[in-house]
>>> print(open('run_32.txt').read())   # compact mmCIF, C-alpha atoms
# COMPACT_ATOMS: atom_id res chain seq x y z
CA MET A 22 -31.38 2.49 102.16
CA PRO A 23 -34.86 3.84 102.82
CA VAL A 24 -38.08 3.09 101.01
CA GLY A 25 -38.28 5.12 97.83
CA ARG A 26 -34.70 4.81 96.57
CA GLN A 27 -35.46 2.34 93.83
CA SER A 28 -35.93 2.13 90.09
CA PRO A 29 -38.97 -0.08 89.43
CA SER A 30 -38.63 -2.91 86.96
CA SER A 31 -40.85 -5.88 86.20
CA PRO A 32 -40.13 -9.39 87.43
CA GLN A 33 -39.08 -11.75 84.67
CA THR A 34 -41.47 -14.50 85.74
CA LEU A 35 -44.45 -14.39 88.09
CA HIS A 36 -46.64 -17.22 89.38
CA LEU A 37 -48.80 -15.91 92.20
CA TRP A 38 -51.59 -17.71 94.05
CA PRO A 39 -53.85 -16.23 96.76
CA SER A 40 -51.48 -17.29 99.54
CA GLY A 41 -48.13 -16.87 97.82
CA GLY A 42 -46.07 -17.88 94.85
CA VAL A 43 -42.86 -17.32 92.88
CA HIS A 44 -41.18 -14.24 91.44
CA VAL A 45 -38.10 -14.86 89.31
CA TRP A 46 -36.16 -11.61 89.03
CA PRO A 47 -33.24 -10.69 86.78
CA SER A 48 -30.25 -9.24 88.63
CA GLY A 49 -31.16 -5.70 89.66
CA GLY A 50 -34.91 -6.34 89.34
CA THR A 51 -36.79 -4.07 91.73
CA SER A 52 -40.42 -3.70 92.70
CA SER A 53 -42.15 -0.40 93.32
CA ALA A 54 -42.80 0.60 96.94
CA HIS A 55 -46.08 -0.95 98.10
CA SER A 56 -47.79 -2.57 101.07
CA HIS A 57 -50.13 -5.51 101.71
CA PRO A 58 -52.93 -5.90 104.25
CA ARG A 59 -51.44 -9.30 105.12
CA GLY A 60 -47.92 -9.92 106.33
CA HIS A 61 -45.66 -12.10 104.24
CA LEU A 62 -42.50 -14.18 104.33
CA VAL A 63 -39.96 -13.96 101.52
CA TYR A 64 -37.21 -16.45 100.78
CA ALA A 65 -34.54 -16.53 98.06
CA ALA A 66 -34.38 -20.07 96.68
CA ARG A 67 -31.64 -18.72 94.40
CA GLY A 68 -29.79 -15.41 94.50
CA VAL A 69 -30.20 -12.79 97.20
CA LEU A 70 -33.00 -10.37 98.06
CA SER A 71 -32.94 -7.11 99.90
CA VAL A 72 -36.21 -6.06 101.52
CA HIS A 73 -36.49 -2.33 102.16
CA THR A 74 -38.99 -0.89 104.69
CA GLU A 75 -39.29 2.24 106.82
CA GLU A 76 -37.48 0.27 109.53
CA GLY A 77 -34.40 -0.44 107.43
CA THR A 78 -32.99 -2.90 104.93
CA SER A 79 -33.08 -6.68 105.40
CA VAL A 80 -30.69 -8.76 103.32
CA VAL A 81 -32.04 -12.25 102.66
CA PRO A 82 -29.49 -14.84 101.51
CA ALA A 83 -30.23 -18.53 101.05
CA ASN A 84 -30.03 -19.35 104.76
CA ARG A 85 -32.48 -16.66 105.89
CA VAL A 86 -36.18 -15.85 105.57
CA ALA A 87 -37.56 -12.34 105.99
CA TRP A 88 -40.88 -11.37 107.55
CA THR A 89 -42.69 -8.13 106.67
CA PRO A 90 -45.87 -7.48 108.70
CA GLY A 91 -49.02 -6.24 106.99
CA GLY A 92 -49.23 -2.50 106.41
CA PHE A 93 -45.47 -1.88 106.13
CA THR A 94 -44.51 -0.05 102.95
CA HIS A 95 -41.67 -1.96 101.35
CA TYR A 96 -39.96 -2.93 98.14
CA HIS A 97 -37.79 -5.85 97.03
CA ARG A 98 -34.56 -5.82 95.04
CA ALA A 99 -32.81 -8.83 93.48
CA HIS A 100 -29.05 -9.22 93.62
CA GLY A 101 -28.00 -11.81 91.10
CA ASP A 102 -30.66 -13.79 89.23
CA THR A 103 -33.09 -14.46 92.05
CA ASP A 104 -35.89 -16.95 92.61
CA MET A 105 -38.02 -15.21 95.26
CA ARG A 106 -40.65 -17.19 97.11
CA ILE A 107 -43.41 -15.28 98.89
CA LEU A 108 -45.91 -16.65 101.42
CA PHE A 109 -48.72 -14.57 102.90
CA LEU A 110 -49.94 -15.34 106.41
CA THR A 111 -53.43 -14.85 107.78
CA ALA A 112 -53.97 -12.53 110.74
CA ALA A 113 -54.25 -15.56 113.04
CA GLN A 114 -50.97 -17.03 111.75
CA ALA A 115 -49.23 -13.64 111.95
CA ARG A 116 -49.92 -13.41 115.69
CA LEU A 117 -47.22 -16.04 116.16
CA VAL A 118 -44.44 -14.00 114.51
CA PRO A 119 -43.06 -10.54 115.38
CA SER A 120 -45.02 -7.35 114.69
CA ARG A 121 -41.95 -5.74 113.11
CA PRO A 122 -39.83 -6.64 110.06
CA SER A 123 -37.55 -9.53 111.03
CA VAL A 124 -35.05 -12.00 109.59
CA PHE A 125 -34.78 -15.62 110.73
CA THR A 126 -32.45 -18.50 110.03
CA VAL A 127 -34.12 -21.08 107.83
CA SER A 128 -33.70 -24.73 108.77
CA ASP A 129 -33.54 -27.47 106.14
CA LEU A 130 -37.11 -28.42 107.06
CA ALA A 131 -38.35 -24.83 106.84
CA ARG A 132 -36.67 -24.43 103.45
CA GLU A 133 -38.39 -27.50 102.00
CA VAL A 134 -41.73 -26.44 103.47
CA LEU A 135 -41.36 -22.94 101.97
CA LEU A 136 -40.53 -24.36 98.55
CA THR A 137 -43.53 -26.68 98.73
CA LEU A 138 -45.90 -23.98 99.96
CA THR A 139 -44.95 -21.61 97.16
CA GLY A 140 -45.36 -24.21 94.40
CA PRO A 141 -48.53 -24.97 92.45
CA ARG A 142 -49.10 -28.40 94.04
CA SER A 143 -50.17 -26.79 97.32
CA TYR A 144 -53.22 -25.21 95.71
CA GLU A 145 -56.57 -26.50 94.52
CA ALA A 146 -57.76 -26.09 90.94
CA ASP A 147 -59.39 -22.77 91.88
CA GLY A 148 -56.06 -21.45 93.18
CA HIS A 149 -56.94 -21.57 96.87
CA ALA A 150 -54.94 -23.27 99.58
CA SER A 151 -55.41 -26.99 100.16
CA ALA A 152 -55.83 -28.61 103.55
CA ALA A 153 -52.31 -30.00 103.23
CA GLN A 154 -51.00 -26.48 102.69
CA ALA A 155 -52.67 -25.28 105.89
CA ARG A 156 -50.95 -28.07 107.83
CA LEU A 157 -47.59 -27.20 106.31
CA VAL A 158 -48.01 -23.56 107.28
CA ARG A 159 -48.41 -24.66 110.89
CA VAL A 160 -45.17 -26.65 110.60
CA LEU A 161 -43.41 -23.61 109.16
CA ILE A 162 -44.66 -21.33 111.93
CA ASP A 163 -43.41 -23.84 114.50
CA GLU A 164 -39.99 -23.88 112.82
CA LEU A 165 -39.79 -20.07 112.84
CA ASP A 166 -40.87 -20.00 116.46
CA GLN A 167 -37.84 -22.18 117.28
CA ALA A 168 -35.45 -20.18 115.08
CA HIS A 169 -33.41 -17.29 116.39
CA GLU A 170 -33.81 -13.89 114.79
CA GLN A 171 -30.62 -13.02 112.93
CA PRO A 172 -29.14 -9.50 112.75
CA LEU A 173 -29.20 -9.13 108.98
CA GLN A 174 -31.38 -6.06 109.04
CA LEU A 175 -29.59 -2.77 108.62
CA PRO A 176 -31.65 -0.23 110.57
CA GLU A 177 -32.54 3.01 108.81
CA PRO A 178 -31.57 6.11 110.82
CA HIS A 179 -34.03 9.00 111.08
CA ASP A 180 -31.88 11.79 112.48
CA ASP A 181 -30.63 14.02 109.64
CA ARG A 182 -27.03 13.79 110.85
CA LEU A 183 -27.13 10.00 110.93
CA ARG A 184 -28.79 9.91 107.52
CA ALA A 185 -25.97 12.05 106.12
CA LEU A 186 -23.43 9.71 107.72
CA ALA A 187 -25.26 6.69 106.35
CA GLN A 188 -25.23 8.12 102.83
CA LEU A 189 -21.44 8.52 102.93
CA LEU A 190 -21.04 4.85 103.86
CA TYR A 191 -23.69 3.61 101.42
CA ASP A 192 -21.82 5.44 98.65
CA ASP A 193 -18.46 3.94 99.66
CA PRO A 194 -18.61 0.98 102.07
CA ALA A 195 -14.82 0.63 101.84
CA ASP A 196 -14.23 4.10 103.29
CA ASN A 197 -12.10 3.74 106.43
CA THR A 198 -12.32 7.40 107.41
CA SER A 199 -12.66 7.82 111.19
CA LEU A 200 -15.93 8.90 112.75
CA THR A 201 -14.25 12.16 113.75
CA GLU A 202 -13.36 12.97 110.15
CA LEU A 203 -16.74 11.85 108.83
CA GLY A 204 -18.35 14.05 111.45
CA ARG A 205 -16.42 17.07 110.20
CA THR A 206 -17.74 16.39 106.71
CA ILE A 207 -21.37 16.44 107.86
CA GLY A 208 -21.01 19.04 110.63
CA ALA A 209 -21.40 16.90 113.76
CA SER A 210 -18.94 15.77 116.41
CA ALA A 211 -17.93 12.14 116.83
CA ARG A 212 -19.34 12.25 120.36
CA THR A 213 -22.74 13.43 119.10
CA LEU A 214 -22.83 10.84 116.34
CA SER A 215 -21.84 8.06 118.75
CA ARG A 216 -24.64 9.07 121.11
CA LEU A 217 -27.18 9.20 118.29
CA LEU A 218 -26.13 5.76 117.01
CA ARG A 219 -26.44 4.29 120.50
CA ASP A 220 -29.76 5.97 121.30
CA GLU A 221 -31.46 5.52 117.93
CA LEU A 222 -30.00 2.27 116.60
CA GLY A 223 -28.53 0.62 119.70
CA LEU A 224 -25.15 0.19 117.98
CA THR A 225 -21.66 1.57 118.15
CA PHE A 226 -20.22 3.14 115.01
CA TYR A 227 -17.94 0.12 114.55
CA GLN A 228 -20.86 -2.32 114.85
CA TRP A 229 -23.05 -0.33 112.50
CA ARG A 230 -20.36 0.11 109.83
CA THR A 231 -19.43 -3.58 110.05
CA HIS A 232 -23.09 -4.54 109.65
CA LEU A 233 -23.46 -2.22 106.65
CA ARG A 234 -20.35 -3.70 105.07
CA ILE A 235 -21.50 -7.28 105.58
CA CYS A 236 -24.85 -6.46 103.98
CA HIS A 237 -22.97 -5.01 101.01
CA ALA A 238 -20.73 -8.09 100.93
CA LEU A 239 -23.76 -10.39 100.73
CA ILE A 240 -24.84 -8.56 97.60
CA LEU A 241 -21.40 -8.57 95.96
CA LEU A 242 -20.95 -12.30 96.58
CA ALA A 243 -24.40 -13.02 95.15
CA GLU A 244 -23.44 -11.06 92.04
CA GLY A 245 -20.49 -13.39 91.52
CA HIS A 246 -17.54 -11.50 93.01
CA ASP A 247 -14.93 -13.58 94.81
CA THR A 248 -13.98 -13.31 98.48
CA THR A 249 -10.82 -11.26 97.95
CA HIS A 250 -12.52 -8.66 95.76
CA THR A 251 -15.47 -8.46 98.14
CA ALA A 252 -13.23 -8.05 101.19
CA HIS A 253 -11.38 -5.11 99.65
CA ALA A 254 -14.55 -3.53 98.23
CA CYS A 255 -16.07 -3.58 101.72
CA GLY A 256 -13.12 -2.06 103.55
CA TRP A 257 -11.12 -5.03 104.83
CA SER A 258 -7.39 -4.94 104.17
CA ASN A 259 -7.10 -8.73 104.05
CA PRO A 260 -9.56 -11.57 103.27
CA SER A 261 -8.99 -13.43 106.55
CA SER A 262 -10.33 -10.55 108.68
CA PHE A 263 -13.31 -10.30 106.35
CA ILE A 264 -14.00 -14.04 106.55
CA THR A 265 -13.96 -13.88 110.36
CA ALA A 266 -16.38 -10.93 110.50
CA PHE A 267 -18.64 -12.40 107.80
CA THR A 268 -18.85 -15.83 109.44
CA ALA A 269 -19.62 -14.33 112.85
CA LEU A 270 -22.62 -12.42 111.48
CA VAL A 271 -23.93 -14.67 108.71
CA GLY A 272 -23.12 -18.07 110.21
CA THR A 273 -21.26 -19.44 107.21
CA THR A 274 -18.10 -18.57 105.29
CA PRO A 275 -18.22 -16.27 102.25
CA GLY A 276 -17.23 -19.17 99.99
CA ARG A 277 -20.03 -21.43 101.17
CA TYR A 278 -22.50 -18.58 101.08
CA ARG A 279 -21.49 -17.72 97.51
CA SER A 280 -22.00 -21.32 96.44
CA SER A 281 -25.44 -21.55 98.07
CA SER A 282 -26.69 -18.24 96.66
CA SER A 283 -25.83 -19.28 93.11
CA GLY A 284 -28.39 -22.09 93.36
>>> encode(input="run_32.txt", output="structure tokens")
Amino acid sequence: MPVGRQSPSSPQTLHLWPSGGVHVWPSGGTSSAHSHPRGHLVYAARGVLSVHTEEGTSVVPANRVAWTPGGFTHYHRAHGDTDMRILFLTAAQARLVPSRPSVFTVSDLAREVLLTLTGPRSYEADGHASAAQARLVRVLIDELDQAHEQPLQLPEPHDDRLRALAQLLYDDPADNTSLTELGRTIGASARTLSRLLRDELGLTFYQWRTHLRICHALILLAEGHDTTHTAHACGWSNPSSFITAFTALVGTTPGRYRSSSSG
């Protein structure tokens, strides 16, 4: 899911202030690839976002917030009708968060602060940040500093053989073909592909495919599909195995996640 594979469309509603604001996207709404000199946080108050950078794809459900540092080319895509909140950080504030794209759990406090910071009441009549907003940003940074990074970023492979493998699984996440058979399709041995996955992405094939499937599941659930359909569409033979894998990675069950992402 690299930068560049997108069909630009305009957000349905946009309220943007110098330090952030609100984009309300229709399902499937996608921005063009772009970058900002400042880093920014994005949060889905409703729906689900995917944030695509050169580093990979971050899926941002309602219990996560994504960070994209300044200078990273990226684009956003909405899955389900999505209320995206965006908050830019100054260079001084950005020193307190990672220098790479990251995804964090969002506490109840952080959620309320993000919603407040991206609303019009945080800004003066001229559109600039108020003193209260600056204090709230410090609270938010403290909350993120205490939060654990969550593995909801699907890393983008760079080796041509891994990219070919990735494309097969992007096209059909439910494909249960073995790595040996997939390797024959793309002209690489399972041993070579396993080594490349370990060296380049730090994952086994099983871990990487599971992660890809969970990212796809997040999107399907946000689009309104039920747990059983999503489980089968993502390669699980029964919903219970899917629920176990989903909960282990996302931190909540598919049913609760689906309810939260619908607003």
>>> residues_around(input="run_32.txt", residues="Glu202 (chain A)", least_positions_apart="3", cutoff="12 Å", atoms="all atoms listed in the file", output="PyMOL selection string")
chain A and resi 186+189+196-199+205-212+214
>>> atom_distance(input="run_32.txt", atom1="CA of Gln167 (chain A)", atom2="CA of Gly276 (chain A)")
27.1 Å
>>> atom_distance(input="run_32.txt", atom1="CA of Asp163 (chain A)", atom2="CA of Leu239 (chain A)")
27.5 Å
>>> closest_residue(input="run_32.txt", among="A:Tyr96, A:Trp38, A:Tyr278, A:Trp46", to="Gly245 (chain A)", atoms="all atoms listed in the file")
A:Tyr278
>>> residues_around(input="run_32.txt", residues="Val86 (chain A)", least_positions_apart="5", cutoff="8 Å", atoms="all atoms listed in the file", output="PDB file with C-alpha atoms, keeping the file's coordinate frame")
ATOM      1  CA  LEU A  62     -42.500 -14.180 104.330  1.00  0.00           C
ATOM      2  CA  VAL A  63     -39.960 -13.960 101.520  1.00  0.00           C
ATOM      3  CA  TYR A  64     -37.210 -16.450 100.780  1.00  0.00           C
ATOM      4  CA  ALA A  65     -34.540 -16.530  98.060  1.00  0.00           C
ATOM      5  CA  VAL A  81     -32.040 -12.250 102.660  1.00  0.00           C
ATOM      6  CA  VAL A 124     -35.050 -12.000 109.590  1.00  0.00           C
ATOM      7  CA  PHE A 125     -34.780 -15.620 110.730  1.00  0.00           C
ATOM      8  CA  THR A 126     -32.450 -18.500 110.030  1.00  0.00           C
ATOM      9  CA  VAL A 127     -34.120 -21.080 107.830  1.00  0.00           C
TER      10      VAL A 127
END
>>> closest_residue(input="run_32.txt", among="A:Ile264, A:Ala131, A:Cys255, A:Leu175", to="Glu75 (chain A)", atoms="all atoms listed in the file")
A:Leu175
>>> atom_distance(input="run_32.txt", atom1="CA of Leu157 (chain A)", atom2="CA of Arg67 (chain A)")
21.6 Å
>>> build_atoms(input="run_32.txt", residues="region 87-98 of chain A", atoms="all heavy atoms", output="PDB file, keeping the file's coordinate frame")
ATOM      1  N   ALA A  87     -37.178 -13.651 105.468  1.00  0.00           N
ATOM      2  CA  ALA A  87     -37.560 -12.340 105.990  1.00  0.00           C
ATOM      3  C   ALA A  87     -39.067 -12.251 106.161  1.00  0.00           C
ATOM      4  O   ALA A  87     -39.836 -12.755 105.334  1.00  0.00           O
ATOM      5  CB  ALA A  87     -37.081 -11.216 105.064  1.00  0.00           C
ATOM      6  N   TRP A  88     -39.476 -11.584 107.234  1.00  0.00           N
ATOM      7  CA  TRP A  88     -40.880 -11.370 107.550  1.00  0.00           C
ATOM      8  C   TRP A  88     -41.181  -9.878 107.499  1.00  0.00           C
ATOM      9  O   TRP A  88     -40.483  -9.073 108.120  1.00  0.00           O
ATOM     10  CB  TRP A  88     -41.199 -11.928 108.932  1.00  0.00           C
ATOM     11  CG  TRP A  88     -42.463 -11.427 109.573  1.00  0.00           C
ATOM     12  CD1 TRP A  88     -42.581 -10.632 110.670  1.00  0.00           C
ATOM     13  CD2 TRP A  88     -43.805 -11.698 109.143  1.00  0.00           C
ATOM     14  NE1 TRP A  88     -43.904 -10.395 110.968  1.00  0.00           N
ATOM     15  CE2 TRP A  88     -44.686 -11.039 110.032  1.00  0.00           C
ATOM     16  CE3 TRP A  88     -44.351 -12.436 108.081  1.00  0.00           C
ATOM     17  CZ2 TRP A  88     -46.066 -11.083 109.907  1.00  0.00           C
ATOM     18  CZ3 TRP A  88     -45.737 -12.482 107.954  1.00  0.00           C
ATOM     19  CH2 TRP A  88     -46.574 -11.821 108.853  1.00  0.00           C
ATOM     20  N   THR A  89     -42.211  -9.503 106.719  1.00  0.00           N
ATOM     21  CA  THR A  89     -42.690  -8.130 106.670  1.00  0.00           C
ATOM     22  C   THR A  89     -44.148  -8.113 107.101  1.00  0.00           C
ATOM     23  O   THR A  89     -45.003  -8.696 106.417  1.00  0.00           O
ATOM     24  CB  THR A  89     -42.577  -7.543 105.249  1.00  0.00           C
ATOM     25  OG1 THR A  89     -41.218  -7.628 104.807  1.00  0.00           O
ATOM     26  CG2 THR A  89     -43.016  -6.080 105.229  1.00  0.00           C
ATOM     27  N   PRO A  90     -44.475  -7.497 108.242  1.00  0.00           N
ATOM     28  CA  PRO A  90     -45.870  -7.480 108.700  1.00  0.00           C
ATOM     29  C   PRO A  90     -46.768  -6.700 107.733  1.00  0.00           C
ATOM     30  O   PRO A  90     -46.291  -5.866 106.944  1.00  0.00           O
ATOM     31  CB  PRO A  90     -45.786  -6.763 110.057  1.00  0.00           C
ATOM     32  CG  PRO A  90     -44.356  -6.883 110.472  1.00  0.00           C
ATOM     33  CD  PRO A  90     -43.567  -6.851 109.199  1.00  0.00           C
ATOM     34  N   GLY A  91     -48.065  -6.967 107.808  1.00  0.00           N
ATOM     35  CA  GLY A  91     -49.020  -6.240 106.990  1.00  0.00           C
ATOM     36  C   GLY A  91     -48.974  -4.749 107.291  1.00  0.00           C
ATOM     37  O   GLY A  91     -48.761  -4.338 108.430  1.00  0.00           O
ATOM     38  N   GLY A  92     -49.180  -3.948 106.239  1.00  0.00           N
ATOM     39  CA  GLY A  92     -49.230  -2.500 106.410  1.00  0.00           C
ATOM     40  C   GLY A  92     -47.913  -1.779 106.291  1.00  0.00           C
ATOM     41  O   GLY A  92     -47.885  -0.550 106.213  1.00  0.00           O
ATOM     42  N   PHE A  93     -46.787  -2.518 106.268  1.00  0.00           N
ATOM     43  CA  PHE A  93     -45.470  -1.880 106.130  1.00  0.00           C
ATOM     44  C   PHE A  93     -45.182  -1.621 104.650  1.00  0.00           C
ATOM     45  O   PHE A  93     -45.160  -2.554 103.843  1.00  0.00           O
ATOM     46  CB  PHE A  93     -44.378  -2.772 106.710  1.00  0.00           C
ATOM     47  CG  PHE A  93     -44.137  -2.590 108.180  1.00  0.00           C
ATOM     48  CD1 PHE A  93     -44.979  -3.188 109.102  1.00  0.00           C
ATOM     49  CD2 PHE A  93     -43.089  -1.804 108.636  1.00  0.00           C
ATOM     50  CE1 PHE A  93     -44.769  -3.033 110.467  1.00  0.00           C
ATOM     51  CE2 PHE A  93     -42.868  -1.635 109.989  1.00  0.00           C
ATOM     52  CZ  PHE A  93     -43.706  -2.247 110.916  1.00  0.00           C
ATOM     53  N   THR A  94     -44.937  -0.360 104.306  1.00  0.00           N
ATOM     54  CA  THR A  94     -44.510  -0.050 102.950  1.00  0.00           C
ATOM     55  C   THR A  94     -43.119  -0.632 102.735  1.00  0.00           C
ATOM     56  O   THR A  94     -42.237  -0.490 103.575  1.00  0.00           O
ATOM     57  CB  THR A  94     -44.485   1.470 102.723  1.00  0.00           C
ATOM     58  OG1 THR A  94     -45.802   1.993 102.921  1.00  0.00           O
ATOM     59  CG2 THR A  94     -44.026   1.808 101.305  1.00  0.00           C
ATOM     60  N   HIS A  95     -42.932  -1.278 101.596  1.00  0.00           N
ATOM     61  CA  HIS A  95     -41.670  -1.960 101.350  1.00  0.00           C
ATOM     62  C   HIS A  95     -41.457  -2.119  99.853  1.00  0.00           C
ATOM     63  O   HIS A  95     -42.374  -1.923  99.052  1.00  0.00           O
ATOM     64  CB  HIS A  95     -41.661  -3.345 102.005  1.00  0.00           C
ATOM     65  CG  HIS A  95     -42.688  -4.265 101.429  1.00  0.00           C
ATOM     66  ND1 HIS A  95     -44.033  -4.201 101.748  1.00  0.00           N
ATOM     67  CD2 HIS A  95     -42.571  -5.272 100.511  1.00  0.00           C
ATOM     68  CE1 HIS A  95     -44.693  -5.119 101.075  1.00  0.00           C
ATOM     69  NE2 HIS A  95     -43.834  -5.780 100.312  1.00  0.00           N
ATOM     70  N   TYR A  96     -40.224  -2.461  99.497  1.00  0.00           N
ATOM     71  CA  TYR A  96     -39.960  -2.930  98.140  1.00  0.00           C
ATOM     72  C   TYR A  96     -38.866  -3.974  98.189  1.00  0.00           C
ATOM     73  O   TYR A  96     -38.112  -4.063  99.162  1.00  0.00           O
ATOM     74  CB  TYR A  96     -39.621  -1.791  97.172  1.00  0.00           C
ATOM     75  CG  TYR A  96     -38.301  -1.087  97.405  1.00  0.00           C
ATOM     76  CD1 TYR A  96     -37.128  -1.510  96.789  1.00  0.00           C
ATOM     77  CD2 TYR A  96     -38.235   0.053  98.212  1.00  0.00           C
ATOM     78  CE1 TYR A  96     -35.930  -0.855  96.976  1.00  0.00           C
ATOM     79  CE2 TYR A  96     -37.036   0.722  98.394  1.00  0.00           C
ATOM     80  CZ  TYR A  96     -35.884   0.265  97.770  1.00  0.00           C
ATOM     81  OH  TYR A  96     -34.699   0.926  97.962  1.00  0.00           O
ATOM     82  N   HIS A  97     -38.783  -4.787  97.134  1.00  0.00           N
ATOM     83  CA  HIS A  97     -37.790  -5.850  97.030  1.00  0.00           C
ATOM     84  C   HIS A  97     -36.807  -5.523  95.904  1.00  0.00           C
ATOM     85  O   HIS A  97     -37.188  -4.938  94.893  1.00  0.00           O
ATOM     86  CB  HIS A  97     -38.457  -7.195  96.708  1.00  0.00           C
ATOM     87  CG  HIS A  97     -39.466  -7.630  97.708  1.00  0.00           C
ATOM     88  ND1 HIS A  97     -40.761  -7.983  97.358  1.00  0.00           N
ATOM     89  CD2 HIS A  97     -39.408  -7.762  99.054  1.00  0.00           C
ATOM     90  CE1 HIS A  97     -41.428  -8.319  98.440  1.00  0.00           C
ATOM     91  NE2 HIS A  97     -40.632  -8.192  99.478  1.00  0.00           N
ATOM     92  N   ARG A  98     -35.570  -5.945  96.092  1.00  0.00           N
ATOM     93  CA  ARG A  98     -34.560  -5.820  95.040  1.00  0.00           C
ATOM     94  C   ARG A  98     -33.787  -7.129  94.949  1.00  0.00           C
ATOM     95  O   ARG A  98     -33.442  -7.731  95.970  1.00  0.00           O
ATOM     96  CB  ARG A  98     -33.611  -4.666  95.319  1.00  0.00           C
ATOM     97  CG  ARG A  98     -32.565  -4.446  94.215  1.00  0.00           C
ATOM     98  CD  ARG A  98     -31.743  -3.206  94.474  1.00  0.00           C
ATOM     99  NE  ARG A  98     -30.732  -3.024  93.444  1.00  0.00           N
ATOM    100  CZ  ARG A  98     -30.941  -2.440  92.261  1.00  0.00           C
ATOM    101  NH1 ARG A  98     -32.147  -1.982  91.973  1.00  0.00           N
ATOM    102  NH2 ARG A  98     -29.976  -2.311  91.378  1.00  0.00           N
TER     103      ARG A  98
END
